[in-house]
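upload-v9.cif (mmCIF, C-alpha atoms)
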data_data
loop_
_atom_site.group_PDB
_atom_site.id
_atom_site.type_symbol
_atom_site.label_atom_id
_atom_site.label_comp_id
_atom_site.auth_asym_id
_atom_site.auth_seq_id
_atom_site.Cartn_x
_atom_site.Cartn_y
_atom_site.Cartn_z
ATOM 1 C CA MET A 1 -29.082 -7.618 24.633
ATOM 2 C CA THR A 2 -26.770 -6.004 27.157
ATOM 3 C CA GLU A 3 -26.856 -7.301 30.741
ATOM 4 C CA ILE A 4 -26.897 -4.769 33.548
ATOM 5 C CA GLY A 5 -27.156 -5.340 37.275
ATOM 6 C CA ILE A 6 -29.667 -3.589 39.482
ATOM 7 C CA ARG A 7 -26.929 -1.559 41.177
ATOM 8 C CA ASP A 8 -25.679 -0.268 37.799
ATOM 9 C CA LEU A 9 -29.239 0.522 36.754
ATOM 10 C CA LYS A 10 -29.809 2.477 39.956
ATOM 11 C CA GLN A 11 -26.565 4.431 39.638
ATOM 12 C CA ASN A 12 -26.864 5.151 35.901
ATOM 13 C CA THR A 13 -30.606 5.316 35.272
ATOM 14 C CA SER A 14 -30.550 8.504 33.199
ATOM 15 C CA GLN A 15 -27.758 7.326 30.904
ATOM 16 C CA ILE A 16 -29.322 3.886 30.438
ATOM 17 C CA LEU A 17 -32.744 5.315 29.638
ATOM 18 C CA ARG A 18 -31.140 7.718 27.184
ATOM 19 C CA ARG A 19 -29.553 4.734 25.388
ATOM 20 C CA VAL A 20 -32.945 2.998 25.279
ATOM 21 C CA ARG A 21 -34.680 6.114 23.978
ATOM 22 C CA GLU A 22 -32.084 7.368 21.505
ATOM 23 C CA GLU A 23 -30.180 4.253 20.444
ATOM 24 C CA LYS A 24 -33.077 1.782 20.788
ATOM 25 C CA GLU A 25 -30.839 -0.404 22.957
ATOM 26 C CA SER A 26 -32.345 -3.196 25.092
ATOM 27 C CA PHE A 27 -31.110 -4.464 28.448
ATOM 28 C CA ASP A 28 -31.420 -7.628 30.517
ATOM 29 C CA ILE A 29 -31.737 -6.469 34.127
ATOM 30 C CA THR A 30 -30.029 -8.903 36.495
ATOM 31 C CA TYR A 31 -30.144 -9.568 40.214
ATOM 32 C CA ARG A 32 -27.278 -11.660 41.531
ATOM 33 C CA GLY A 33 -26.446 -12.729 37.990
ATOM 34 C CA ARG A 34 -29.982 -13.876 37.132
ATOM 35 C CA VAL A 35 -32.135 -12.017 34.603
ATOM 36 C CA ILE A 36 -35.244 -10.655 36.326
ATOM 37 C CA ALA A 37 -36.515 -8.094 33.797
ATOM 38 C CA TRP A 38 -36.063 -6.688 30.319
ATOM 39 C CA LEU A 39 -35.805 -3.022 29.516
ATOM 40 C CA VAL A 40 -36.774 -2.491 25.887
ATOM 41 C CA PRO A 41 -37.730 0.547 23.806
ATOM 42 C CA ILE A 42 -41.335 0.961 22.759
ATOM 43 C CA GLU A 43 -41.580 2.003 19.140
ATOM 44 C CA ASN A 44 -45.264 2.954 19.073
ATOM 45 C CA PRO A 45 -46.603 3.543 22.585
ATOM 46 C CA GLN A 46 -50.250 2.617 22.965
ATOM 47 C CA ARG A 47 -52.778 5.296 23.682
ATOM 48 C CA PRO A 48 -54.812 5.051 26.915
ATOM 49 C CA GLU A 49 -57.878 3.726 25.093
ATOM 50 C CA ASP A 50 -55.750 0.858 23.761
ATOM 51 C CA TRP A 51 -54.906 -0.051 27.366
ATOM 52 C CA ARG A 52 -58.596 -0.209 28.234
ATOM 53 C CA THR A 53 -59.074 -2.675 25.389
ATOM 54 C CA LEU A 54 -56.152 -4.755 26.634
ATOM 55 C CA TRP A 55 -57.510 -4.870 30.193
ATOM 56 C CA ALA A 56 -60.967 -5.836 28.919
ATOM 57 C CA GLU A 57 -59.422 -8.703 26.948
ATOM 58 C CA MET A 58 -57.473 -9.806 30.025
ATOM 59 C CA ASP A 59 -60.711 -9.793 32.048
ATOM 60 C CA ARG A 60 -62.396 -11.972 29.393
ATOM 61 C CA THR A 61 -59.429 -14.355 29.453
ATOM 62 C CA ALA A 62 -59.510 -14.576 33.266
ATOM 63 C CA GLU A 63 -63.242 -15.328 33.127
ATOM 64 C CA GLU A 64 -62.663 -18.103 30.584
ATOM 65 C CA ILE A 65 -59.892 -19.628 32.708
ATOM 66 C CA GLY A 66 -62.155 -19.412 35.760
ATOM 67 C CA LYS A 67 -64.851 -21.443 34.001
ATOM 68 C CA ASN A 68 -62.401 -24.326 33.564
ATOM 69 C CA TRP A 69 -60.522 -23.988 36.875
ATOM 70 C CA THR A 70 -60.462 -27.385 38.631
ATOM 71 C CA SER A 71 -58.273 -26.699 41.677
ATOM 72 C CA ASP A 72 -59.807 -25.769 44.996
ATOM 73 C CA LYS A 73 -56.867 -23.362 45.451
ATOM 74 C CA SER A 74 -56.645 -19.938 43.834
ATOM 75 C CA ALA A 75 -54.047 -19.156 41.191
ATOM 76 C CA ALA A 76 -52.356 -16.815 43.677
ATOM 77 C CA GLU A 77 -52.043 -19.649 46.204
ATOM 78 C CA LEU A 78 -50.570 -21.998 43.599
ATOM 79 C CA VAL A 79 -48.042 -19.406 42.427
ATOM 80 C CA SER A 80 -47.076 -18.697 46.037
ATOM 81 C CA GLU A 81 -46.442 -22.401 46.629
ATOM 82 C CA GLN A 82 -44.182 -22.546 43.563
ATOM 83 C CA ARG A 83 -42.063 -19.689 44.886
ATOM 84 C CA ARG A 84 -41.229 -21.506 48.124
#
Go ahead and express the file in the form of structure tokens.
Amino acid sequence: MTEIGIRDLKQNTSQILRRVREEKESFDITYRGRVIAWLVPIENPQRPEDWRTLWAEMDRTAEEIGKNWTSDKSAAELVSEQRR
């Protein structure tokens, strides 16, 4: 996978997206030398109804996690603490 900084992505967005679309090339997007995202081609984009199914499954998963949640803090609070 090719690494590309945010500045390069911003300045060359059209060319980079063309390489993703036409050459099926993938990129590691970096910020200050650290990978923060991946830009990858999608071979078979999902139709909108497939996204509804995905979100419904995510809701079921969140409900299941909630049943077993033992902390008195929310997941958002715990993630926020980890980022400090």
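Atom to atom, CA of Leu54 (chain A) and CA of Ser14 (chain A) stand 29.6 Å apart.
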**OP:** Using the chain letters and numbering of this document, enumerate as a count of residues only the residues selected by the PyMOL selection byres ((chain A and resi 16-29) around 6).
**Re:** 16
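With CA of Gly66 (chain A) on one side and CA of Asp50 (chain A) on the other, the separation reads 24.4 Å.
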Original post:
Do you have the CA of Leu9 (chain A)-CA of Tyr31 (chain A) distance handy?
Top reply: 10.7 Å
Mind completing region 50-72 of chain A with N, CA and C atoms? Output as an mmCIF file, in the frame of the given file, please?
data_model
loop_
_atom_site.group_PDB
_atom_site.id
_atom_site.type_symbol
_atom_site.label_atom_id
_atom_site.label_comp_id
_atom_site.auth_asym_id
_atom_site.auth_seq_id
_atom_site.Cartn_x
_atom_site.Cartn_y
_atom_site.Cartn_z
ATOM 1 N N ASP A 50 -56.253 2.183 24.110
ATOM 2 C CA ASP A 50 -55.750 0.858 23.761
ATOM 3 C C ASP A 50 -55.522 0.025 25.016
ATOM 4 N N TRP A 51 -55.107 0.673 26.117
ATOM 5 C CA TRP A 51 -54.906 -0.051 27.366
ATOM 6 C C TRP A 51 -56.229 -0.548 27.917
ATOM 7 N N ARG A 52 -57.276 0.236 27.767
ATOM 8 C CA ARG A 52 -58.596 -0.209 28.234
ATOM 9 C C ARG A 52 -59.025 -1.462 27.486
ATOM 10 N N THR A 53 -58.755 -1.503 26.195
ATOM 11 C CA THR A 53 -59.074 -2.675 25.389
ATOM 12 C C THR A 53 -58.274 -3.883 25.870
ATOM 13 N N LEU A 54 -57.001 -3.671 26.148
ATOM 14 C CA LEU A 54 -56.152 -4.755 26.634
ATOM 15 C C LEU A 54 -56.669 -5.300 27.959
ATOM 16 N N TRP A 55 -57.006 -4.416 28.899
ATOM 17 C CA TRP A 55 -57.510 -4.870 30.193
ATOM 18 C C TRP A 55 -58.835 -5.607 30.041
ATOM 19 N N ALA A 56 -59.696 -5.145 29.149
ATOM 20 C CA ALA A 56 -60.967 -5.836 28.919
ATOM 21 C C ALA A 56 -60.722 -7.243 28.388
ATOM 22 N N GLU A 57 -59.763 -7.383 27.482
ATOM 23 C CA GLU A 57 -59.422 -8.703 26.948
ATOM 24 C C GLU A 57 -58.846 -9.593 28.048
ATOM 25 N N MET A 58 -58.024 -9.030 28.916
ATOM 26 C CA MET A 58 -57.473 -9.806 30.025
ATOM 27 C C MET A 58 -58.581 -10.261 30.969
ATOM 28 N N ASP A 59 -59.571 -9.405 31.214
ATOM 29 C CA ASP A 59 -60.711 -9.793 32.048
ATOM 30 C C ASP A 59 -61.487 -10.943 31.413
ATOM 31 N N ARG A 60 -61.688 -10.882 30.094
ATOM 32 C CA ARG A 60 -62.396 -11.972 29.393
ATOM 33 C C ARG A 60 -61.602 -13.271 29.489
ATOM 34 N N THR A 61 -60.283 -13.172 29.347
ATOM 35 C CA THR A 61 -59.429 -14.355 29.453
ATOM 36 C C THR A 61 -59.502 -14.947 30.858
ATOM 37 N N ALA A 62 -59.425 -14.101 31.877
ATOM 38 C CA ALA A 62 -59.510 -14.576 33.266
ATOM 39 C C ALA A 62 -60.851 -15.266 33.515
ATOM 40 N N GLU A 63 -61.917 -14.721 32.969
ATOM 41 C CA GLU A 63 -63.242 -15.328 33.127
ATOM 42 C C GLU A 63 -63.283 -16.712 32.475
ATOM 43 N N GLU A 64 -62.698 -16.819 31.295
ATOM 44 C CA GLU A 64 -62.663 -18.103 30.584
ATOM 45 C C GLU A 64 -61.841 -19.134 31.365
ATOM 46 N N ILE A 65 -60.716 -18.723 31.897
ATOM 47 C CA ILE A 65 -59.892 -19.628 32.708
ATOM 48 C C ILE A 65 -60.672 -20.055 33.949
ATOM 49 N N GLY A 66 -61.369 -19.113 34.567
ATOM 50 C CA GLY A 66 -62.155 -19.412 35.760
ATOM 51 C C GLY A 66 -63.227 -20.461 35.513
ATOM 52 N N LYS A 67 -63.817 -20.460 34.331
ATOM 53 C CA LYS A 67 -64.851 -21.443 34.001
ATOM 54 C C LYS A 67 -64.306 -22.866 34.018
ATOM 55 N N ASN A 68 -63.018 -23.001 33.659
ATOM 56 C CA ASN A 68 -62.401 -24.326 33.564
ATOM 57 C C ASN A 68 -61.469 -24.645 34.724
ATOM 58 N N TRP A 69 -61.438 -23.802 35.754
ATOM 59 C CA TRP A 69 -60.522 -23.988 36.875
ATOM 60 C C TRP A 69 -60.978 -25.188 37.701
ATOM 61 N N THR A 70 -60.087 -26.165 37.912
ATOM 62 C CA THR A 70 -60.462 -27.385 38.631
ATOM 63 C C THR A 70 -59.877 -27.464 40.038
ATOM 64 N N SER A 71 -58.900 -26.659 40.358
ATOM 65 C CA SER A 71 -58.273 -26.699 41.677
ATOM 66 C C SER A 71 -59.141 -25.974 42.703
ATOM 67 N N ASP A 72 -59.092 -26.479 43.942
ATOM 68 C CA ASP A 72 -59.807 -25.769 44.996
ATOM 69 C C ASP A 72 -58.973 -24.628 45.566
#
